[in-house]
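K.L.:
One structure, as structure tokens, below. Some questions next.
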Amino acid sequence: MERVRTRFAPSPTGYMHIGNLRTALYAYLVAKKHNGDFLLRIEDTDQSRQVEGAIDIIYETLAACGLKHDEGPDVGGEYGPYVQSERMKSGIYKEYAWKLVDLHKAHVCFCKEEDIAAQKEVIEARGGSFIYDDPCKKLSDEEVRQRVDAGEEYVIRQNIDPNGKTSFDDEVYGRITVDNETLDEMILLKSDGFPTYNFANVIDDHLMAISDVVRGNEYLSSAPKYNLIYEALGWEIPRYIHCPPVMKDEHHKLSKRNGDASFQDLVAKGYLPEAILNYIALLGWSPAEDREIYSLEELCQAFDVKRINTSGAIFDIEKLKWMNGEYLRRMDPEKYLELVRPYIDQAVKKPYDRALLAGVLKERVSLLNEIPEMLDFIDELPDYDTSLYINKKMKTDEAIALDSLKASLEVLEGLEEWNHDAIYNALVGLAQKMEVKNGKVLYPVRVALSGKAFTPGGAIELALIFGKEETLNRIRKGIEKLSA
RNA sequence: GGCUCGGUGGUGAAAUGGUUAACACAUCGCCCUCUCAAGGCGACAUUCACGGGUUCAAACCCCGUCCGAGUCACCA
């Protein structure tokens with residue numbers, strides 16, 4: 001079997017959206033599964049759509065995801081250049097387009113764009129389907145040569161014999177067959193000399209020895225037209241892997257245009273690149289085994305083109321959030337601390353122990369962005385209502401809480417050592433002595449320490465973080481409030 | 001409108017002729033618990049868009065219908 005080579009070929013027109021990233025992932029997985037090459041090619045043949053900085057976003061996204069490309073504009077390779085506008089300088093597209101003209105598989109066309117559009121409008125208004133029958137096809141070689149030499153603007157358009165059918169096998173959709181008469185003759189070379197996507201794609205995929213073309217299924221219906229070019233040039237047709245769309249909802253694809261979340265938006269919200277990648281791998285593909293958490297490396301092993309789905313998958317942010325939480329919970333403590341430190345620092349300015357704070361956060365955070373709000377009571381005790389002390393399940397009310405707080409204060413004040421065990425023994429011991437459930441003592445203390453109904457960490461963890469002085473202060477404050 | 005592709009629970013999906021249609025997210029209960037989470041347990045599709053047919057047997061095969069998406073650019 002020949003070497004497996006896949007490519008990710010984005011246009012630098014803005015942010016990287018999730019559907020695009022998933023296509024890149026699948027292309028990467030197909031290559032790596034077979035120890036092949038994954039390359040990056042920039043398709044910038046539409047000069048009017050270039051967006052400043054878009055290429056950097058592509059590099060950054062691939063790097064953040066660990067989708068390392070073996071060849072590309074920034075890393076080089078034997079099949080360069082890897083940017084189509086640069087490839088054009090050597091004249092390859094024009095050369096092949098003219099070669100097709102010589103082979104009578106394409107022709108030169110001088111028609112005005114507006115004229116064709118007008119014709120199309122008329123026919124479609126009547127409800128007919130429009131296939132442009134180009135009068136330029138009948139032009140003699142001499143006339144063509146003359147007009148071209150005279151500097152007249154032209155375009156090179158594919159010739160398609162309307163008789164017969166064209167079919168091909170897609171790895172995920174199976175055999176696709178279309179009647180040639182429904183195929184319109186697409187433009188290969190634009191009047192500005194740039195190739196169209198349709199043409200450049202075929203030329204470059206062949207020249208770069210791409211074995212497997214991985215792309216969205218919006219190309220499924222034009223694939224036969226591409227195949228006609230491969231055949232005309234006597235080139236081998238690559239394997240096709242068309243992927244189903246990633247949807248925003250039942251009716252709409254996910255798109256940057258609609259302001260849907262891009263990869264960088266998700267990262268900014270506190271999602272981990274590994275979790276995002278893992279999640280999108282599962283949109284449109286399912287592993288053979290009953291498992292969902294996969295590292296990129298594991299995905300390379302488990303991935304199988306045959307298990308790619310044919311129908312669109314709706315992007316469910318809730319499930320991504322769950323998965324993100326899974327990644328966070330499974331992370332080793334040191335790594336977690338490192339990751340979470342900036343978020344803690346954002347909310348906590350006082351020098352409380354970051355490792356303790358991180359410890360209390362772990363198991364509770366599913367989105368990094370939630371951290372600052374979870375910690376908003378650490379630096380300053382918020383003003384709170386004493387009704388917080390009322391909790392039916394804990395069997396506490398303001399009066400009980402007051403007693404608990406007073407007793408807790410006393411026992412805590414007498415503590416020589418301030419560590420987890422000491423605090424635990426003091427408070428739980430108190431509950432035992434009073435012959436009540438732990439919650440009756442601990443719940444009020446937690447409220448006094450935080451001023452909040454819900455907190456990461458319990459009373460003991462919080463007391464440990466605050467240290468003796470602040471803990472006692474906050475309990476006194478609670479007693480004061482309850483006594484008022 | 002033509003062509004191409006698709007249609008299993010709210011979501012991702014498994015199961016491609018054979019017991020009660022996996023699993024996961026979400027939701028709802030219960031348990032655990034100093035809160036919230038996390039964790040544990042359980043509930044949740046009499047049914048696989050619909051209608052026919054083939055078969056002893058169909059979510060899986062065939063036909064038709066409906067619905068949806070893609071495409072029909074000098075955009076990719």
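Residue numbers start at 1 in each chain; chains themselves are named A, B, ... in the order of the structure tokens; ligands are numbered from 1 in the order shown.
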With chain A as the partner and 10 Å as the cut-off, tabulate the residues of chain B that qualify, each row holding the nearest pair of atoms and their distance in Å to one decimal, using only C-alpha atoms (C1' of nucleotides), sorted by chain and rising number, as a tab-separated table.
P.N.:
residue	atom	partner	partner_atom	distance
B:G1	C1'	A:Gly127	CA	5.5
B:G2	C1'	A:Ser129	CA	5.7
B:C3	C1'	A:Thr182	CA	6.3
B:U4	C1'	A:Ser221	CA	5.3
B:C5	C1'	A:Leu220	CA	8.0
B:G6	C1'	A:Ser311	CA	5.4
B:G7	C1'	A:Ser311	CA	8.2
B:U11	C1'	A:Asp316	CA	6.3
B:G12	C1'	A:Leu283	CA	6.6
B:A13	C1'	A:Ser286	CA	7.2
B:A14	C1'	A:Ser286	CA	8.7
B:A22	C1'	A:Asp290	CA	8.7
B:C23	C1'	A:Asp290	CA	6.2
B:A24	C1'	A:Glu292	CA	7.5
B:C25	C1'	A:Lys319	CA	4.7
B:A26	C1'	A:Glu318	CA	7.3
B:U33	C1'	A:Gly439	CA	9.1
B:C34	C1'	A:Tyr443	CA	4.4
B:U35	C1'	A:Phe454	CA	4.9
B:C36	C1'	A:Phe454	CA	4.9
B:A37	C1'	A:Arg364	CA	4.9
B:A38	C1'	A:Glu363	CA	5.5
B:G68	C1'	A:His251	CA	7.2
B:A69	C1'	A:His251	CA	7.3
B:G70	C1'	A:Glu218	CA	5.2
B:U71	C1'	A:Ser221	CA	6.2
B:C72	C1'	A:Asp184	CA	7.8
B:A73	C1'	A:Met186	CA	9.4
B:C74	C1'	A:Lys190	CA	4.6
B:C75	C1'	A:Asp46	CA	7.4
B:A76	C1'	A:Tyr197	CA	6.0
K.L.:
Quick one: write out the picked residues with C-alpha atoms (C1' of nucleotides) as a PDB file, in the first residue's frame?
P.N.:
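So result-v7.pdb came out as:
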ATOM      1  C1'   G B   1     -36.861  23.162  -9.075  1.00  0.00           C
ATOM      2  C1'   G B   2     -32.773  19.298 -10.788  1.00  0.00           C
ATOM      3  C1'   C B   3     -29.117  16.329  -8.695  1.00  0.00           C
ATOM      4  C1'   U B   4     -26.580  14.092  -4.270  1.00  0.00           C
ATOM      5  C1'   C B   5     -26.861  12.617   0.671  1.00  0.00           C
ATOM      6  C1'   G B   6     -29.392  11.833   5.164  1.00  0.00           C
ATOM      7  C1'   G B   7     -33.824  10.586   9.012  1.00  0.00           C
ATOM      8  C1'   U B  11     -28.460  15.319  22.377  1.00  0.00           C
ATOM      9  C1'   G B  12     -24.149  12.110  20.737  1.00  0.00           C
ATOM     10  C1'   A B  13     -24.887   7.174  19.394  1.00  0.00           C
ATOM     11  C1'   A B  14     -24.609   1.173  19.403  1.00  0.00           C
ATOM     12  C1'   A B  22     -26.160  -0.967  24.313  1.00  0.00           C
ATOM     13  C1'   C B  23     -23.593   3.064  26.259  1.00  0.00           C
ATOM     14  C1'   A B  24     -22.782   8.373  27.273  1.00  0.00           C
ATOM     15  C1'   C B  25     -24.668  13.640  28.065  1.00  0.00           C
ATOM     16  C1'   A B  26     -29.013  16.025  29.768  1.00  0.00           C
ATOM     17  C1'   U B  33     -22.756  14.001  52.457  1.00  0.00           C
ATOM     18  C1'   C B  34     -21.108  20.243  56.602  1.00  0.00           C
ATOM     19  C1'   U B  35     -23.321  23.138  51.131  1.00  0.00           C
ATOM     20  C1'   C B  36     -22.770  22.540  45.932  1.00  0.00           C
ATOM     21  C1'   A B  37     -20.507  19.237  43.096  1.00  0.00           C
ATOM     22  C1'   A B  38     -18.309  14.536  42.437  1.00  0.00           C
ATOM     23  C1'   G B  68     -34.258  17.657   6.419  1.00  0.00           C
ATOM     24  C1'   A B  69     -29.411  18.978   4.647  1.00  0.00           C
ATOM     25  C1'   G B  70     -25.837  19.806   0.741  1.00  0.00           C
ATOM     26  C1'   U B  71     -25.056  21.412  -4.175  1.00  0.00           C
ATOM     27  C1'   C B  72     -26.284  23.824  -8.735  1.00  0.00           C
ATOM     28  C1'   A B  73     -20.451  31.011  -7.933  1.00  0.00           C
ATOM     29  C1'   C B  74     -14.674  33.732 -11.840  1.00  0.00           C
ATOM     30  C1'   C B  75     -16.416  31.093  -2.543  1.00  0.00           C
ATOM     31  C1'   A B  76     -13.983  27.496  -0.623  1.00  0.00           C
TER      32        A B  76
END
K.L.:
Could you name the residues that touch A58 (chain B) at 10 Å or less, counting only C-alpha atoms (C1' of nucleotides), but leaving out those on the same chain fewer than 4 positions away, as an MDAnalysis selection string?
P.N.:
chainID B and resid 17:18 54
K.L.:
Could you list, as a VMD selection string, every residue within 9 Å of Leu449 (chain A), counting only C-alpha atoms (C1' of nucleotides) and ignoring same-chain residues fewer than 3 positions away?
P.N.:
chain A and resid 377 to 378 381 444 to 446 452 459 462 to 463 466 470 to 475 478
K.L.:
Please save C-alpha atoms of the selected residues as an mmCIF file, in the first residue's frame.
P.N.:
data_model
loop_
_atom_site.group_PDB
_atom_site.id
_atom_site.type_symbol
_atom_site.label_atom_id
_atom_site.label_comp_id
_atom_site.auth_asym_id
_atom_site.auth_seq_id
_atom_site.Cartn_x
_atom_site.Cartn_y
_atom_site.Cartn_z
ATOM 1 C CA PHE A 377 -15.839 35.054 49.134
ATOM 2 C CA ILE A 378 -12.215 34.325 49.903
ATOM 3 C CA LEU A 381 -16.505 37.994 53.513
ATOM 4 C CA PRO A 444 -23.201 27.046 60.294
ATOM 5 C CA VAL A 445 -19.433 27.325 60.424
ATOM 6 C CA ARG A 446 -19.205 26.968 56.648
ATOM 7 C CA LYS A 452 -22.624 31.737 50.799
ATOM 8 C CA ALA A 459 -16.032 24.203 56.784
ATOM 9 C CA LEU A 462 -12.093 26.617 54.415
ATOM 10 C CA ALA A 463 -10.878 27.085 57.985
ATOM 11 C CA PHE A 466 -8.153 31.030 56.042
ATOM 12 C CA GLU A 470 -9.417 34.960 59.825
ATOM 13 C CA THR A 471 -11.480 31.911 60.687
ATOM 14 C CA LEU A 472 -12.120 33.181 64.167
ATOM 15 C CA ASN A 473 -12.921 36.644 62.843
ATOM 16 C CA ARG A 474 -15.508 35.336 60.479
ATOM 17 C CA ILE A 475 -17.116 33.158 63.105
ATOM 18 C CA GLY A 478 -21.466 35.407 62.276
#
K.L.:
I'd like the contact shell of Trp418 (chain A) - 10 Å cut-off, only C-alpha atoms (C1' of nucleotides), skipping same-chain residues fewer than 5 positions apart - returned as a list of chain:residue names.
P.N.:
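Neighbouring residues, sequence-local ones excluded: A:Leu412, A:Ile423, A:Ala463, A:Leu464, A:Gly467, A:Lys468.
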K.L.:
Between A:Tyr226, A:Tyr79, A:Tyr424, A:Tyr384, which has the minimum distance to Leu207 (chain A) (counting only C-alpha atoms)?
P.N.:
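Answer, going by the shortest atom-to-atom distance: A:Tyr79.
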K.L.:
Using DSSP assignments from the backbone, pull out every residue in region 226-326 of chain A that falls under strand (DSSP E or B) and give it to me as a list in words.
P.N.:
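Of region 226-326 of chain A, only Arg239, Tyr240, Ile241, His242, Cys243, Val246, Met247, Lys253, Ser262, Trp285, Ile308, Ala313 and Ile314 of chain A fall in strand (DSSP E or B).
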K.L.:
DSSP on the backbone: what in region 180-389 of chain A comes out alpha helix (DSSP H), as a ChimeraX atom specification?
P.N.:
/A:197-207,223-232,263-268,273-281,296-302,317-330,333-347,354-361,371-374
K.L.:
Neighbours of Gly174 (chain A) within 10 Å (only C-alpha atoms (C1' of nucleotides); same-chain residues fewer than 5 positions away dropped), as a list in words?
P.N.:
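Residues near the query, excluding close chain neighbours: Phe168, Asp169, Tyr240, Ile241, His242 and Thr310 of chain A.
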K.L.:
With C-alpha atoms retained, could you export that selection as an mmCIF file, in the first residue's frame?
P.N.:
data_model
loop_
_atom_site.group_PDB
_atom_site.id
_atom_site.type_symbol
_atom_site.label_atom_id
_atom_site.label_comp_id
_atom_site.auth_asym_id
_atom_site.auth_seq_id
_atom_site.Cartn_x
_atom_site.Cartn_y
_atom_site.Cartn_z
ATOM 1 C CA PHE A 168 -16.988 6.838 -7.435
ATOM 2 C CA ASP A 169 -16.674 5.153 -4.079
ATOM 3 C CA TYR A 240 -12.404 10.006 -0.560
ATOM 4 C CA ILE A 241 -13.520 10.399 3.008
ATOM 5 C CA HIS A 242 -16.435 12.797 3.133
ATOM 6 C CA THR A 310 -23.332 9.636 7.458
#
K.L.:
Please measure the separation of CA of Lys120 (chain A) and CA of Asn180 (chain A), giving the value in Å to one decimal.
P.N.:
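Interatomic distance here is 19.1 Å.
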K.L.:
I'd like the interatomic distance between CA of Val436 (chain A) and CA of Leu402 (chain A), to a tenth of an Å.
P.N.:
14.8 Å
K.L.:
Neighbouring residues of Pro224 (chain A) were defined as those with any atom within 7 Å, considering only C-alpha atoms (C1' of nucleotides); residues of the same chain fewer than 4 positions away were excluded. Please report them as number ranges by chain.
P.N.:
A: 166-167, 228
K.L.:
Could you jot down the CA of Glu297 (chain A) to CA of Tyr327 (chain A) separation for me, Å, one decimal place?
P.N.:
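If I compute the distance from CA of Glu297 (chain A) to CA of Tyr327 (chain A), I get 15.2 Å.
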